[in-house]
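What follows is the content of start20.csv, which has CSV, C-alpha atoms:
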```
chain,number,residue,atom,x,y,z
T,198,MET,CA,91.1,106.8,7.9
T,199,LYS,CA,88.4,107.7,5.4
T,200,ILE,CA,85.5,110.0,6.2
T,201,ILE,CA,82.7,108.6,4.1
T,202,ASN,CA,79.8,110.8,3.3
T,203,THR,CA,76.3,109.2,3.5
T,204,ASN,CA,74.2,112.3,4.0
T,205,ASN,CA,72.5,114.5,1.5
T,206,ASN,CA,72.8,118.2,2.1
T,207,ASN,CA,72.9,121.0,-0.5
T,208,THR,CA,74.9,123.6,1.5
T,209,LEU,CA,78.0,125.1,-0.2
T,210,LEU,CA,80.5,123.7,2.3
T,211,HIS,CA,78.9,120.3,2.1
T,212,ASN,CA,79.0,120.3,-1.7
T,213,ILE,CA,82.6,121.5,-1.7
T,214,ILE,CA,83.7,118.6,0.5
T,215,LEU,CA,81.7,116.1,-1.5
T,216,ARG,CA,83.1,117.1,-4.9
T,217,ASN,CA,86.8,117.1,-3.9
T,218,ASN,CA,89.3,114.5,-3.0
T,219,ILE,CA,91.0,116.2,-0.1
T,220,ILE,CA,93.8,114.7,2.1
T,221,ILE,CA,93.7,116.1,5.6
T,222,PRO,CA,96.5,115.6,8.0
T,223,ASN,CA,95.4,114.4,11.4
T,224,ASN,CA,96.7,117.5,13.1
T,225,GLN,CA,94.1,119.6,11.1
T,226,LEU,CA,91.2,117.2,11.6
T,227,LYS,CA,90.0,118.7,14.8
T,228,LEU,CA,89.9,122.2,13.2
T,229,TRP,CA,87.8,120.8,10.3
T,230,ILE,CA,85.4,119.2,12.8
T,231,ILE,CA,85.2,122.5,14.7
T,232,LEU,CA,84.5,124.4,11.6
T,233,MET,CA,81.9,121.9,10.4
T,234,LYS,CA,80.2,122.1,13.7
T,235,MET,CA,80.3,125.9,13.5
T,236,VAL,CA,78.7,125.8,10.1
T,237,ASN,CA,76.2,123.3,11.5
T,238,ALA,CA,75.3,125.8,14.2
T,239,SER,CA,74.5,128.4,11.6
T,240,SER,CA,71.6,128.6,9.2
T,241,TYR,CA,73.7,127.1,6.4
T,242,VAL,CA,73.6,123.5,7.7
T,243,THR,CA,70.9,121.5,9.4
T,244,SER,CA,72.6,118.1,9.8
T,245,SER,CA,75.2,117.0,12.2
T,246,TYR,CA,78.8,115.9,11.6
T,247,HIS,CA,80.4,113.4,13.9
T,248,SER,CA,82.9,110.6,13.9
T,249,THR,CA,80.9,107.5,14.7
T,250,THR,CA,80.1,104.3,12.8
T,251,THR,CA,76.5,105.3,12.0
T,252,THR,CA,75.3,106.0,8.5
T,253,THR,CA,73.7,109.3,9.2
T,254,SER,CA,76.7,111.6,8.7
T,255,TYR,CA,80.5,111.4,8.3
T,256,GLU,CA,82.1,108.3,9.7
T,257,TYR,CA,85.4,106.5,10.1
T,258,SER,CA,85.5,103.0,8.5
T,259,SER,CA,86.9,100.3,10.7
T,260,ASP,CA,89.5,99.3,8.2
T,261,ASP,CA,90.8,102.9,8.1
T,262,GLN,CA,90.8,103.0,11.9
T,263,GLN,CA,93.1,100.0,11.9
T,264,ARG,CA,95.4,101.6,9.3
T,265,ASN,CA,95.6,104.7,11.4
T,266,GLN,CA,96.6,102.7,14.5
T,267,HIS,CA,99.6,101.5,12.5
T,268,GLY,CA,101.0,104.9,11.8
T,269,SER,CA,99.0,106.5,9.0
T,270,HIS,CA,98.7,110.3,9.6
T,271,ASP,CA,96.2,111.2,6.9
T,272,VAL,CA,92.5,111.5,6.8
T,273,PHE,CA,90.8,111.3,3.4
T,274,LEU,CA,87.6,113.0,2.5
T,275,HIS,CA,86.3,110.4,0.0
T,276,VAL,CA,84.3,111.8,-2.9
T,277,ASP,CA,83.1,111.1,-6.4
T,278,PRO,CA,84.3,113.9,-8.7
T,279,LYS,CA,83.0,114.3,-12.2
T,280,THR,CA,85.9,112.7,-13.9
T,281,GLN,CA,86.6,109.8,-11.5
T,282,ASN,CA,84.7,107.2,-13.5
T,283,LYS,CA,85.8,108.4,-16.9
T,284,PRO,CA,88.1,106.0,-18.9
T,285,VAL,CA,91.8,106.5,-19.1
T,286,PRO,CA,92.6,108.3,-22.4
T,287,SER,CA,93.3,105.9,-25.3
T,288,TYR,CA,97.0,106.3,-25.8
T,289,GLU,CA,99.9,104.2,-27.1
T,290,LEU,CA,103.5,104.2,-26.0
T,291,SER,CA,106.2,104.7,-28.6
T,292,ASN,CA,109.0,102.2,-29.0
T,293,CYS,CA,111.2,105.1,-30.2
T,294,GLN,CA,112.5,103.1,-33.1
T,295,GLY,CA,111.1,105.3,-35.8
T,296,ARG,CA,112.4,108.7,-37.0
T,297,LYS,CA,114.3,110.8,-34.5
T,298,ARG,CA,114.3,114.6,-34.4
T,299,ALA,CA,115.5,117.1,-31.9
T,300,LEU,CA,115.0,120.8,-31.3
T,301,LEU,CA,117.5,122.3,-28.9
T,302,ILE,CA,117.3,125.9,-27.7
T,303,GLY,CA,119.8,127.7,-25.6
T,304,ILE,CA,119.7,131.4,-24.8
T,305,ASN,CA,122.3,133.3,-22.9
T,306,TYR,CA,120.8,136.8,-23.5
T,307,PHE,CA,124.2,138.3,-24.2
T,308,GLY,CA,124.7,141.9,-23.3
T,309,THR,CA,121.5,142.3,-21.3
T,310,LYS,CA,120.7,142.5,-17.6
T,311,ASN,CA,119.2,139.1,-17.9
T,312,GLN,CA,122.4,137.4,-19.2
T,313,LEU,CA,123.0,133.7,-18.3
T,314,ASN,CA,126.2,131.8,-18.8
T,315,GLY,CA,125.5,128.1,-19.3
T,316,CYS,CA,122.5,127.7,-21.7
T,317,ILE,CA,124.4,127.4,-24.9
T,318,ASN,CA,126.8,124.9,-23.3
T,319,ASP,CA,123.7,122.9,-22.3
T,320,VAL,CA,122.6,122.7,-25.9
T,321,HIS,CA,126.0,121.4,-27.1
T,322,ASN,CA,126.1,118.9,-24.2
T,323,ILE,CA,122.6,117.6,-24.9
T,324,LYS,CA,123.4,117.4,-28.6
T,325,THR,CA,126.4,115.2,-28.0
T,326,PHE,CA,124.5,113.2,-25.4
T,327,LEU,CA,121.6,112.4,-27.8
T,328,ILE,CA,123.9,111.4,-30.6
T,329,GLU,CA,126.1,109.1,-28.5
T,330,GLN,CA,123.4,107.7,-26.2
T,331,TYR,CA,120.2,107.5,-28.3
T,332,GLY,CA,121.2,107.4,-31.9
T,333,PHE,CA,120.0,110.9,-33.0
T,334,GLN,CA,121.7,112.4,-36.0
T,335,GLU,CA,123.0,116.0,-36.3
T,336,GLN,CA,121.2,116.5,-39.6
T,337,ASP,CA,117.9,115.8,-37.9
T,338,MET,CA,118.4,118.5,-35.3
T,339,VAL,CA,117.5,122.2,-35.3
T,340,ILE,CA,119.7,124.2,-32.9
T,341,LEU,CA,118.7,127.7,-31.9
T,342,THR,CA,121.2,129.7,-29.9
T,343,ASP,CA,121.9,133.4,-29.6
T,344,ASP,CA,125.6,133.1,-30.5
T,345,GLN,CA,124.8,132.2,-34.1
T,346,GLU,CA,125.1,134.6,-37.0
T,347,GLU,CA,122.5,133.3,-39.3
T,348,ALA,CA,119.2,134.9,-38.5
T,349,ARG,CA,117.0,131.8,-38.9
T,350,PHE,CA,119.0,130.0,-36.2
T,351,LYS,CA,118.6,132.7,-33.5
T,352,PRO,CA,116.1,131.9,-30.8
T,353,THR,CA,113.6,134.5,-31.5
T,354,ARG,CA,109.9,134.1,-30.7
T,355,ALA,CA,109.0,133.5,-34.4
T,356,ASN,CA,111.9,131.1,-34.9
T,357,ILE,CA,111.0,129.1,-31.8
T,358,LEU,CA,107.4,128.7,-32.9
T,359,SER,CA,108.4,127.7,-36.4
T,360,ALA,CA,111.0,125.2,-35.1
T,361,MET,CA,108.4,123.6,-32.9
T,362,GLN,CA,106.1,123.1,-35.9
T,363,TRP,CA,109.1,121.5,-37.7
T,364,LEU,CA,109.8,119.2,-34.8
T,365,VAL,CA,106.3,117.6,-34.8
T,366,HIS,CA,105.3,117.8,-38.4
T,367,ASP,CA,104.3,114.6,-40.2
T,368,ALA,CA,104.6,112.7,-36.9
T,369,GLN,CA,104.0,108.9,-37.0
T,370,PRO,CA,103.7,106.1,-34.5
T,371,ASN,CA,107.0,105.1,-32.9
T,372,ASP,CA,108.8,108.3,-33.9
T,373,SER,CA,110.9,109.9,-31.1
T,374,PHE,CA,111.1,113.7,-30.9
T,375,PHE,CA,113.3,115.5,-28.3
T,376,PHE,CA,112.8,119.1,-27.2
T,377,HIS,CA,115.3,120.9,-24.9
T,378,TYR,CA,115.1,124.4,-23.7
T,379,SER,CA,117.6,126.2,-21.5
T,380,GLY,CA,117.0,129.8,-20.8
T,381,HIS,CA,114.8,132.1,-18.7
T,382,GLY,CA,111.4,131.0,-17.6
T,383,GLY,CA,108.6,133.0,-16.0
T,384,SER,CA,104.9,133.3,-15.4
T,385,VAL,CA,102.1,135.6,-16.5
T,386,VAL,CA,98.5,136.0,-15.4
T,387,ASP,CA,96.4,133.2,-16.8
T,388,VAL,CA,93.5,134.6,-18.9
T,389,SER,CA,92.1,131.2,-20.1
T,390,GLY,CA,91.2,129.9,-16.6
T,391,ASP,CA,93.1,126.6,-17.0
T,392,GLU,CA,95.6,127.3,-14.2
T,393,ASP,CA,94.6,126.6,-10.6
T,394,ASP,CA,97.2,129.0,-9.3
T,395,GLY,CA,96.1,131.7,-11.8
T,396,TYR,CA,99.4,131.9,-13.7
T,397,ASP,CA,100.6,130.5,-17.0
T,398,GLU,CA,104.3,129.3,-17.1
T,399,THR,CA,106.4,130.8,-19.9
T,400,ILE,CA,109.7,130.8,-21.7
T,401,TYR,CA,111.6,133.8,-22.8
T,402,PRO,CA,112.8,134.1,-26.4
T,403,VAL,CA,115.8,136.2,-27.0
T,404,ASP,CA,113.7,139.0,-28.5
T,405,PHE,CA,110.9,139.0,-25.8
T,406,GLU,CA,111.5,142.7,-25.1
T,407,ASP,CA,110.7,143.6,-28.6
T,408,TYR,CA,107.0,142.8,-27.9
T,409,GLU,CA,104.4,144.8,-26.1
T,410,GLY,CA,104.0,144.0,-22.4
T,411,GLU,CA,104.4,140.2,-21.7
T,412,SER,CA,103.3,139.1,-25.2
T,413,GLY,CA,106.9,138.3,-26.2
T,414,GLN,CA,106.9,135.3,-23.8
T,415,ILE,CA,105.6,132.0,-25.0
T,416,ILE,CA,103.1,130.6,-22.6
T,417,ASP,CA,102.5,126.9,-21.7
T,418,ASP,CA,99.2,126.8,-23.5
T,419,VAL,CA,101.0,127.7,-26.8
T,420,LEU,CA,103.8,125.2,-26.1
T,421,HIS,CA,101.2,122.5,-25.6
T,422,ASP,CA,99.2,123.5,-28.7
T,423,TYR,CA,102.3,123.5,-30.9
T,424,MET,CA,104.1,120.3,-29.6
T,425,VAL,CA,101.6,118.1,-27.9
T,426,LYS,CA,98.2,118.4,-29.7
T,427,PRO,CA,99.5,117.6,-33.2
T,428,LEU,CA,101.0,114.3,-32.2
T,429,PRO,CA,99.3,111.0,-33.2
T,430,LYS,CA,98.9,107.9,-31.1
T,431,GLY,CA,102.2,106.1,-30.4
T,432,CYS,CA,104.5,109.1,-31.1
T,433,ARG,CA,107.0,110.1,-28.4
T,434,LEU,CA,108.0,113.6,-27.4
T,435,THR,CA,110.5,113.9,-24.7
T,436,ALA,CA,110.9,117.5,-23.3
T,437,ILE,CA,113.5,118.9,-21.0
T,438,PHE,CA,112.9,122.4,-19.6
T,439,ASP,CA,116.0,123.8,-17.8
T,440,SER,CA,114.3,127.1,-16.7
T,441,CYS,CA,112.6,128.7,-13.8
T,442,HIS,CA,108.9,128.1,-13.1
T,443,SER,CA,108.9,125.2,-15.5
T,444,GLY,CA,107.1,122.5,-13.4
T,445,THR,CA,104.1,122.4,-15.8
T,446,ALA,CA,105.6,124.2,-18.8
T,447,LEU,CA,103.8,121.8,-21.2
T,448,ASP,CA,100.6,121.6,-19.3
T,449,LEU,CA,100.8,117.8,-19.0
T,450,PRO,CA,98.1,116.6,-16.6
T,451,TYR,CA,99.9,113.6,-14.9
T,452,ILE,CA,102.6,114.7,-12.5
T,453,TYR,CA,104.5,112.1,-10.6
T,454,SER,CA,105.9,112.1,-7.2
T,455,THR,CA,109.3,110.6,-6.3
T,456,LYS,CA,107.4,107.5,-5.0
T,457,GLY,CA,105.7,107.0,-8.4
T,458,ALA,CA,102.3,108.2,-7.4
T,459,ILE,CA,100.3,110.6,-9.5
T,460,LYS,CA,100.2,113.9,-7.7
T,461,SER,CA,96.8,115.5,-7.0
T,462,GLN,CA,96.6,119.2,-6.5
T,463,ASN,CA,97.9,119.9,-3.0
T,464,LEU,CA,94.8,121.8,-2.0
T,465,LEU,CA,95.5,122.0,1.7
T,466,LYS,CA,98.9,123.5,1.2
T,467,ASP,CA,97.3,126.6,-0.2
T,468,ALA,CA,94.4,126.3,2.2
T,469,GLY,CA,96.5,126.4,5.4
T,470,VAL,CA,96.3,130.2,5.9
T,471,GLY,CA,92.5,130.0,5.4
T,472,LEU,CA,92.1,127.3,7.9
T,473,LEU,CA,94.3,129.1,10.4
T,474,SER,CA,92.3,132.3,9.9
T,475,ALA,CA,89.0,130.6,10.3
T,476,GLY,CA,90.2,128.7,13.4
T,477,ILE,CA,91.5,131.8,15.1
T,478,ALA,CA,88.3,133.7,14.4
T,479,TYR,CA,86.2,130.9,15.8
T,480,ALA,CA,88.4,130.5,18.9
T,481,SER,CA,88.0,134.3,19.5
T,482,GLY,CA,84.2,134.1,19.2
T,483,ASP,CA,83.9,135.8,15.8
T,484,LYS,CA,81.8,133.1,14.2
T,485,ASP,CA,80.8,135.4,11.3
T,486,ARG,CA,84.4,135.9,10.2
T,487,ALA,CA,85.2,132.3,10.7
T,488,LEU,CA,82.2,131.3,8.6
T,489,SER,CA,83.3,133.8,5.9
T,490,SER,CA,86.8,132.4,5.9
T,491,ILE,CA,85.8,128.7,5.6
T,492,LEU,CA,83.3,129.5,2.8
T,493,SER,CA,86.0,131.4,0.9
T,494,LEU,CA,88.4,128.6,1.4
T,495,GLY,CA,85.8,126.1,0.2
T,496,LYS,CA,85.3,128.1,-3.0
T,497,GLN,CA,89.1,128.1,-3.5
T,498,LEU,CA,89.3,124.3,-3.0
T,499,TYR,CA,86.4,123.7,-5.3
T,500,HIS,CA,87.9,125.9,-8.1
T,501,SER,CA,91.3,124.2,-7.8
T,502,LYS,CA,89.9,120.7,-8.0
T,503,THR,CA,87.6,121.6,-10.9
T,504,VAL,CA,90.6,123.1,-12.9
T,505,GLU,CA,92.7,120.0,-12.2
T,506,ASN,CA,89.9,117.7,-13.4
T,507,GLU,CA,89.3,119.7,-16.5
T,508,ASN,CA,93.0,119.8,-17.3
T,509,ARG,CA,93.3,116.1,-16.9
T,510,GLU,CA,90.5,115.7,-19.4
T,511,ASN,CA,91.5,118.4,-21.9
T,512,ASN,CA,95.3,118.1,-21.9
T,513,SER,CA,95.6,114.3,-22.0
T,514,SER,CA,97.0,113.0,-25.3
T,515,VAL,CA,96.8,109.9,-27.4
T,516,ALA,CA,100.6,110.4,-28.0
T,517,ASP,CA,103.4,109.5,-25.6
T,518,VAL,CA,104.7,112.8,-24.1
T,519,VAL,CA,107.1,112.8,-21.2
T,520,MET,CA,108.6,115.9,-19.6
T,521,PHE,CA,111.3,116.5,-17.1
T,522,SER,CA,111.5,120.1,-15.7
T,523,GLY,CA,114.2,121.7,-13.7
T,524,CYS,CA,111.9,122.8,-10.9
T,525,LYS,CA,108.4,123.3,-9.6
T,526,ASP,CA,106.2,126.1,-10.9
T,527,ASP,CA,107.1,128.3,-7.9
T,528,GLN,CA,110.8,127.6,-8.0
T,529,THR,CA,113.9,128.8,-9.9
T,530,SER,CA,116.4,126.7,-11.8
T,531,ALA,CA,120.1,127.4,-11.2
T,532,ASP,CA,122.6,128.7,-13.8
T,533,ALA,CA,125.4,126.7,-12.4
T,534,GLN,CA,129.1,125.8,-12.5
T,535,GLU,CA,129.9,122.1,-12.8
T,536,ALA,CA,133.4,120.7,-13.4
T,537,GLY,CA,134.6,124.2,-14.0
T,538,LYS,CA,132.1,125.0,-16.8
T,539,SER,CA,128.9,127.0,-16.9
T,540,THR,CA,125.8,124.8,-17.2
T,541,GLY,CA,122.2,124.6,-16.3
T,542,ALA,CA,121.8,122.5,-13.2
T,543,MET,CA,119.0,120.4,-14.6
T,544,SER,CA,120.7,119.7,-18.0
T,545,TYR,CA,123.8,118.7,-16.1
T,546,ALA,CA,122.0,116.3,-13.8
T,547,PHE,CA,120.0,114.7,-16.6
T,548,ILE,CA,123.0,114.0,-18.7
T,549,THR,CA,125.1,112.9,-15.7
T,550,SER,CA,122.5,110.5,-14.4
T,551,LEU,CA,121.9,108.7,-17.7
T,552,ARG,CA,125.6,108.5,-18.6
T,553,GLN,CA,126.3,106.9,-15.2
T,554,ASN,CA,123.3,104.5,-15.6
T,555,PRO,CA,121.8,104.4,-19.1
T,556,ARG,CA,119.2,101.8,-18.1
T,557,GLN,CA,117.0,103.5,-15.5
T,558,SER,CA,113.3,103.5,-15.0
T,559,TYR,CA,111.4,106.8,-15.2
T,560,LEU,CA,111.1,106.8,-11.5
T,561,GLU,CA,114.7,106.0,-10.9
T,562,LEU,CA,115.7,108.8,-13.3
T,563,LEU,CA,113.6,111.3,-11.5
T,564,ASN,CA,115.0,110.4,-8.1
T,565,SER,CA,118.6,110.2,-9.5
T,566,VAL,CA,118.3,113.7,-11.0
T,567,ARG,CA,117.0,115.0,-7.7
T,568,ASP,CA,119.8,113.3,-5.7
T,569,ILE,CA,122.4,114.9,-7.9
T,570,LEU,CA,121.0,118.4,-7.4
T,571,ARG,CA,120.0,118.0,-3.7
T,572,GLU,CA,123.4,118.8,-2.2
T,573,LYS,CA,123.9,122.1,-3.9
T,574,TYR,CA,120.5,123.3,-5.1
T,575,SER,CA,117.0,123.8,-3.7
T,576,GLN,CA,115.2,123.2,-7.0
T,577,ARG,CA,113.1,120.0,-7.3
T,578,PRO,CA,112.9,118.6,-10.8
T,579,GLN,CA,109.5,117.3,-11.9
T,580,LEU,CA,108.3,114.4,-14.1
T,581,SER,CA,105.0,114.9,-15.9
T,582,CYS,CA,103.2,113.0,-18.7
T,583,SER,CA,100.4,113.3,-21.2
T,584,HIS,CA,98.9,110.0,-20.0
T,585,PRO,CA,99.2,107.6,-17.0
T,586,LEU,CA,102.7,106.2,-17.0
T,587,ASP,CA,104.1,103.0,-15.6
T,588,VAL,CA,107.1,104.7,-14.0
T,589,ASP,CA,108.9,101.4,-13.5
T,590,LEU,CA,109.4,101.1,-17.3
T,591,GLU,CA,112.8,101.8,-18.6
T,592,PHE,CA,113.3,105.4,-19.8
T,593,VAL,CA,113.7,105.5,-23.6
T,594,CYS,CA,113.7,108.3,-26.1
```
Can you turn what I pasted into structure tokens?
Amino acid sequence: MKIINTNNNNTLLHNIILRNNIIIPNNQLKLWIILMKMVNASSYVTSSYHSTTTTTSYEYSSDDQQRNQHGSHDVFLHVDPKTQNKPVPSYELSNCQGRKRALLIGINYFGTKNQLNGCINDVHNIKTFLIEQYGFQEQDMVILTDDQEEARFKPTRANILSAMQWLVHDAQPNDSFFFHYSGHGGSVVDVSGDEDDGYDETIYPVDFEDYEGESGQIIDDVLHDYMVKPLPKGCRLTAIFDSCHSGTALDLPYIYSTKGAIKSQNLLKDAGVGLLSAGIAYASGDKDRALSSILSLGKQLYHSKTVENENRENNSSVADVVMFSGCKDDQTSADAQEAGKSTGAMSYAFITSLRQNPRQSYLELLNSVRDILREKYSQRPQLSCSHPLDVDLEFVC
């Protein structure tokens, strides 16, 4: 069912609802109606909210009522956000038949409390896989691992930044670049305001502790600026992050579900506590606290949706950038044992899936990787892109 707005009201709650695409499960609809009525009863709102077929308030459309009778469980607040009518960014796909380069980074953090076991193995496995499966050449690869003696090939912060510049320099249409990172990932407080959850995702160079505070980590904004922004139209960058908290490590604005749909920010997931608090307060007769809770929730929803829209506009690219990450932003990625060898779970699943079936669509690959990991690991790999992607196209790189 759709709730269609046809009323003009300038209250904060009303504007918040109007400016956001919010999906509300039916089991929360009654609470929203109660809260709207509560606000209506206050001095903040002067109009009524009801579920009729009139044109004076919020209403259910007859088509949506029919859909709901056939098993749909979602109610949509239908709105017109600022970016809804903006054109899709002008991008071109790469045929990946041009020059090929790869930057592979594996960090085991030897001799530290943070030591991992499978990251360097991941790099060697990915290297072999790219050469055998996709025609990359060893001489067109830069490999940074912390078992190497030569200083310029150690995965320090400076070397990683320099290598990323090498990877994308002089990029041309139909080139295919590959970035793989296996190591620790984290998050730091976002200071630029482009993260709806308030945190930037990061990777940890081997020398991150040599820097003051958290400045030794490389944040997603920097990763995006170094590897995505310089790319021209029609150039491919494929990125694999086998690290914790890596769901949006490149800040790509189009994130795909396992059904092939573009994910929108799951606003109500974070709003559940606020709804519950407001509902309890209202049920107990404390209308002031309930009103405060719902207005605070509304501000949160409005901020989250605004950030999402801005990121979609600012972080889209004319290039062809695709990323598979080992997990969501709030999850960890496993340092695992597979076939008796240490490996990152994501790297293992990615290689295994494409060796078993080299001709998969992007959607099939996402689901295949998840299926491989599902039995032993809780992490959920993510697929994101710099532009809208036909996920039924065959994966290439």
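Closest approach to Ser454 (chain T) from the set T:Leu420, T:Leu590, T:Leu364, T:Cys582 is made by T:Cys582, with distances taken over only C-alpha atoms.
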Inset, instruction - Would you work out the distance separating CA of Cys293 (chain T) from CA of Lys430 (chain T), expressed in Å to one decimal? - result: 12.6 Å
Legend entry - Between CA of Ile437 (chain T) and CA of Arg552 (chain T) - distance in Å to one decimal: 16.1 Å
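Pairwise distance (CA of Tyr545 (chain T), CA of Ile340 (chain T)) equals 18.1 Å.
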Inset, instruction - Considering only C-alpha atoms, state which residue in the set T:Lys456, T:Val419, T:Tyr378, T:Thr353 is at the smallest distance from Glu406 (chain T). - result: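 Looking at the shortest contact to Glu406 (chain T), the residue is T:Thr353.
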Inset, instruction - Find the spatial neighbours of Ser440 (chain T), counting only C-alpha atoms, within a cut-off of 6 Å - ignore same-chain residues fewer than 4 positions away - and output them as a list in words. - result: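 Within the cut-off, the hits are Ser379, Gly380, His381, Gly382 and Ser530 of chain T.
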Inset, instruction - Taking the point (109.6, 123.2, -9.6) as given in the file, collect each protein or nucleic acid residue that comes within 8 Å of it, counting all atoms listed in the file, and present the set as a PyMOL selection string. - result: chain T and resi 441-444+522-530+576-579
Inset, instruction - Could you tell me which of T:Phe592, T:Trp363, T:Tyr331, T:Tyr288 comes closest to Pro429 (chain T) if we count all atoms listed in the file? - result: T:Tyr288
Legend entry - Test item: which residues lie within 6 Å of (110.6, 134.8, -27.4) counting only C-alpha atoms, as a ChimeraX atom specification: /T:353-354,401-405,413-414
Legend entry - Selection near Phe307 (chain T), 10 Å with all atoms listed in the file, sequence-local residues under 5 positions removed, as a list in words: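 Near neighbours after the sequence-gap exclusion: Gln312, Leu313, Asn314, Asp343, Asp344 and Val403 of chain T.
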